[in-house]
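What follows is a short report on a single structure.
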Amino acid sequence: MNCIFCQIANKEQPADFVYEGDKVIAFKDIKPSAPVHILVVPKKHIDSVKNLEEGDRDLVSEVIFTAKKIAKEQKFDEGYKLVFNVGRKGGQIIDHVHLHLLGGF
Ligand code: AMP
Ligand code: ZN
């Protein structure tokens, strides 16, 4: 599949990883828009939050809990932003679900 985040998850493209678990990965955004800008990404290809299914509840929860863990480990958990862009009008460019973790303000 021609999906950059699937390719990163499969190690077919490089990324600056900050976390890898069984189901979720996290790596630094290539074009940061905050002092710390990390993308938390399920390994499973789901194109958009719009198309999440009931069976994806645990996976989405793991994405959010992973972000929280990273913020704590990297010591910016006093305050940060979690953002899902949804659809082109919502600013989504990469069609593989990802959570923006923005911090270090
Ligand atoms: P979105 O607009 O929500 O789809 O966000 C996509 C994000 O992915 C943007 O912030 C990009 O800077 C980032 N991005 C695109 N390609 C890569 C890549 N190869 N490695 C890391 N981040 C990327
Ligand atoms: Zn994908």
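Note on naming: chains are A, B, ... as they come in the structure tokens, residues start from 1 per chain, ligands start from 1 in the order shown.
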
Around ligand 2, out to 8 Å and counting only C-alpha atoms and all ligand atoms, which residues are there? I want them as an MDAnalysis selection string.
chainID A and resid 1:7 43:47 95:97

Write out the residues from the selection above, keeping C-alpha atoms, as a PDB file, in the first residue's frame.
ATOM      1  CA  MET A   1       0.000   0.000   0.000  1.00  0.00           C
ATOM      2  CA  ASN A   2       1.276   3.421  -0.906  1.00  0.00           C
ATOM      3  CA  CYS A   3       0.845   4.915   2.568  1.00  0.00           C
ATOM      4  CA  ILE A   4       3.790   6.721   4.126  1.00  0.00           C
ATOM      5  CA  PHE A   5       2.770   5.907   7.710  1.00  0.00           C
ATOM      6  CA  CYS A   6       2.318   2.197   6.882  1.00  0.00           C
ATOM      7  CA  GLN A   7       5.769   2.319   5.297  1.00  0.00           C
ATOM      8  CA  LYS A  43       0.162   0.328  12.994  1.00  0.00           C
ATOM      9  CA  LYS A  44      -3.172  -0.727  11.493  1.00  0.00           C
ATOM     10  CA  HIS A  45      -4.124   1.301   8.437  1.00  0.00           C
ATOM     11  CA  ILE A  46      -7.302   3.272   9.095  1.00  0.00           C
ATOM     12  CA  ASP A  47      -7.615   6.236   6.777  1.00  0.00           C
ATOM     13  CA  ASP A  95      -4.763   9.419   5.133  1.00  0.00           C
ATOM     14  CA  HIS A  96      -3.683   7.179   7.997  1.00  0.00           C
ATOM     15  CA  VAL A  97      -5.053   8.000  11.450  1.00  0.00           C
TER      16      VAL A  97
END

Got a sec to tell me which of chain A DSSP assigns to alpha helix (DSSP H), as number ranges by chain?
A: 4-9, 57-73

Between CA of Asp22 (chain A) and CA of Leu82 (chain A), measure the distance and give it in Å to one decimal.
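Spanning CA of Asp22 (chain A) to CA of Leu82 (chain A) is a straight-line distance of 21.4 Å.
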
So how far away is CA of Val60 (chain A) from CA of Ile94 (chain A), in Å?
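Between CA of Ile94 (chain A) and CA of Val60 (chain A) the gap is 17.1 Å.
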
Counting only C-alpha atoms and all ligand atoms, what residues are within 7 Å of ligand 1, given as a PDB file with C-alpha atoms, in the first residue's frame?
ATOM      1  CA  ILE A   4       3.790   6.721   4.126  1.00  0.00           C
ATOM      2  CA  ALA A  15      11.513   8.079  10.926  1.00  0.00           C
ATOM      3  CA  PHE A  27       7.835   9.363  15.812  1.00  0.00           C
ATOM      4  CA  LYS A  28       8.820  12.994  15.452  1.00  0.00           C
ATOM      5  CA  ASP A  29       6.915  15.095  12.947  1.00  0.00           C
ATOM      6  CA  ILE A  30       9.175  15.981  10.039  1.00  0.00           C
ATOM      7  CA  LYS A  31       7.879  19.574  10.030  1.00  0.00           C
ATOM      8  CA  PRO A  32       7.299  20.432  13.685  1.00  0.00           C
ATOM      9  CA  PHE A  84      -6.698  14.650  15.284  1.00  0.00           C
ATOM     10  CA  ASN A  85      -7.164  16.372  11.957  1.00  0.00           C
ATOM     11  CA  GLY A  91      -6.463  19.820   7.720  1.00  0.00           C
ATOM     12  CA  GLN A  92      -5.785  16.102   7.278  1.00  0.00           C
ATOM     13  CA  ILE A  93      -3.119  15.476   4.631  1.00  0.00           C
ATOM     14  CA  ILE A  94      -1.959  11.951   5.452  1.00  0.00           C
ATOM     15  CA  ASP A  95      -4.763   9.419   5.133  1.00  0.00           C
ATOM     16  CA  HIS A  98      -2.539   9.876  13.600  1.00  0.00           C
TER      17      HIS A  98
END

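The strand (DSSP E) portion of chain A consists of Phe17, Val18, Tyr19, Glu20, Val24, Ile25, Ala26, Phe27, Lys28, Val36, His37, Ile38, Leu39, Val40, Val41, Pro42, Tyr80, Lys81, Leu82, Val83, Leu99, His100, Leu101, Leu102 and Gly103 of chain A, with states taken from DSSP on the backbone.
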
Prev. selection, C-alpha atoms, output as a compact mmCIF listing (two decimals), in the first residue's frame:
# COMPACT_ATOMS: atom_id res chain seq x y z
CA PHE A 17 11.01 6.94 16.50
CA VAL A 18 10.22 7.81 20.09
CA TYR A 19 8.09 4.73 20.84
CA GLU A 20 7.22 1.37 19.37
CA VAL A 24 1.13 1.76 18.14
CA ILE A 25 4.21 3.70 17.09
CA ALA A 26 5.30 7.29 17.70
CA PHE A 27 7.83 9.36 15.81
CA LYS A 28 8.82 12.99 15.45
CA VAL A 36 7.93 19.05 20.64
CA HIS A 37 5.79 17.60 17.86
CA ILE A 38 5.27 13.85 17.86
CA LEU A 39 2.85 11.76 15.82
CA VAL A 40 1.24 8.81 17.57
CA VAL A 41 0.08 6.29 14.99
CA PRO A 42 -1.69 2.93 15.05
CA TYR A 80 0.21 19.81 25.83
CA LYS A 81 -2.21 19.55 22.92
CA LEU A 82 -3.63 16.40 21.33
CA VAL A 83 -5.04 16.91 17.84
CA LEU A 99 -2.64 11.88 16.79
CA HIS A 100 -0.54 15.05 16.94
CA LEU A 101 1.14 15.42 20.33
CA LEU A 102 2.27 19.03 20.67
CA GLY A 103 4.15 20.25 23.69

Need to verify the contact set: Phe105 (chain A), 8 Å, only C-alpha atoms, exclusion of same-chain residues closer than 6 positions in sequence. Can you return it as a short mmCIF file (atom, residue, chain, number, x, y, z; two decimals) with all heavy atoms, in the first residue's frame?
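To be explicit, this is the file written out as selection19.cif:
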data_model
loop_
_atom_site.label_atom_id
_atom_site.label_comp_id
_atom_site.auth_asym_id
_atom_site.auth_seq_id
_atom_site.Cartn_x
_atom_site.Cartn_y
_atom_site.Cartn_z
N ALA A 34 5.51 22.80 16.85
CA ALA A 34 5.60 23.09 18.29
C ALA A 34 7.01 22.68 18.71
O ALA A 34 7.67 21.94 17.98
CB ALA A 34 4.56 22.29 19.06
N PRO A 35 7.48 23.15 19.88
CA PRO A 35 8.82 22.75 20.33
C PRO A 35 9.00 21.22 20.35
O PRO A 35 10.05 20.71 20.01
CB PRO A 35 8.92 23.36 21.73
CG PRO A 35 8.02 24.55 21.69
CD PRO A 35 6.87 24.15 20.79
N GLY A 79 1.48 20.51 30.37
CA GLY A 79 0.49 20.99 29.40
C GLY A 79 0.89 20.65 27.98
O GLY A 79 2.06 20.77 27.62
N TYR A 80 -0.06 20.15 27.23
CA TYR A 80 0.21 19.81 25.83
C TYR A 80 -1.11 19.75 25.07
O TYR A 80 -2.19 19.82 25.67
CB TYR A 80 0.97 18.47 25.72
CG TYR A 80 0.37 17.30 26.47
CD1 TYR A 80 -0.55 16.46 25.88
CD2 TYR A 80 0.75 17.04 27.79
CE1 TYR A 80 -1.09 15.37 26.57
CE2 TYR A 80 0.22 15.97 28.49
CZ TYR A 80 -0.69 15.13 27.87
OH TYR A 80 -1.22 14.09 28.56
#

Two-atom distance - CA of Val63 (chain A), CA of Lys23 (chain A) (Å)
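Between CA of Val63 (chain A) and CA of Lys23 (chain A) the gap is 8.8 Å.
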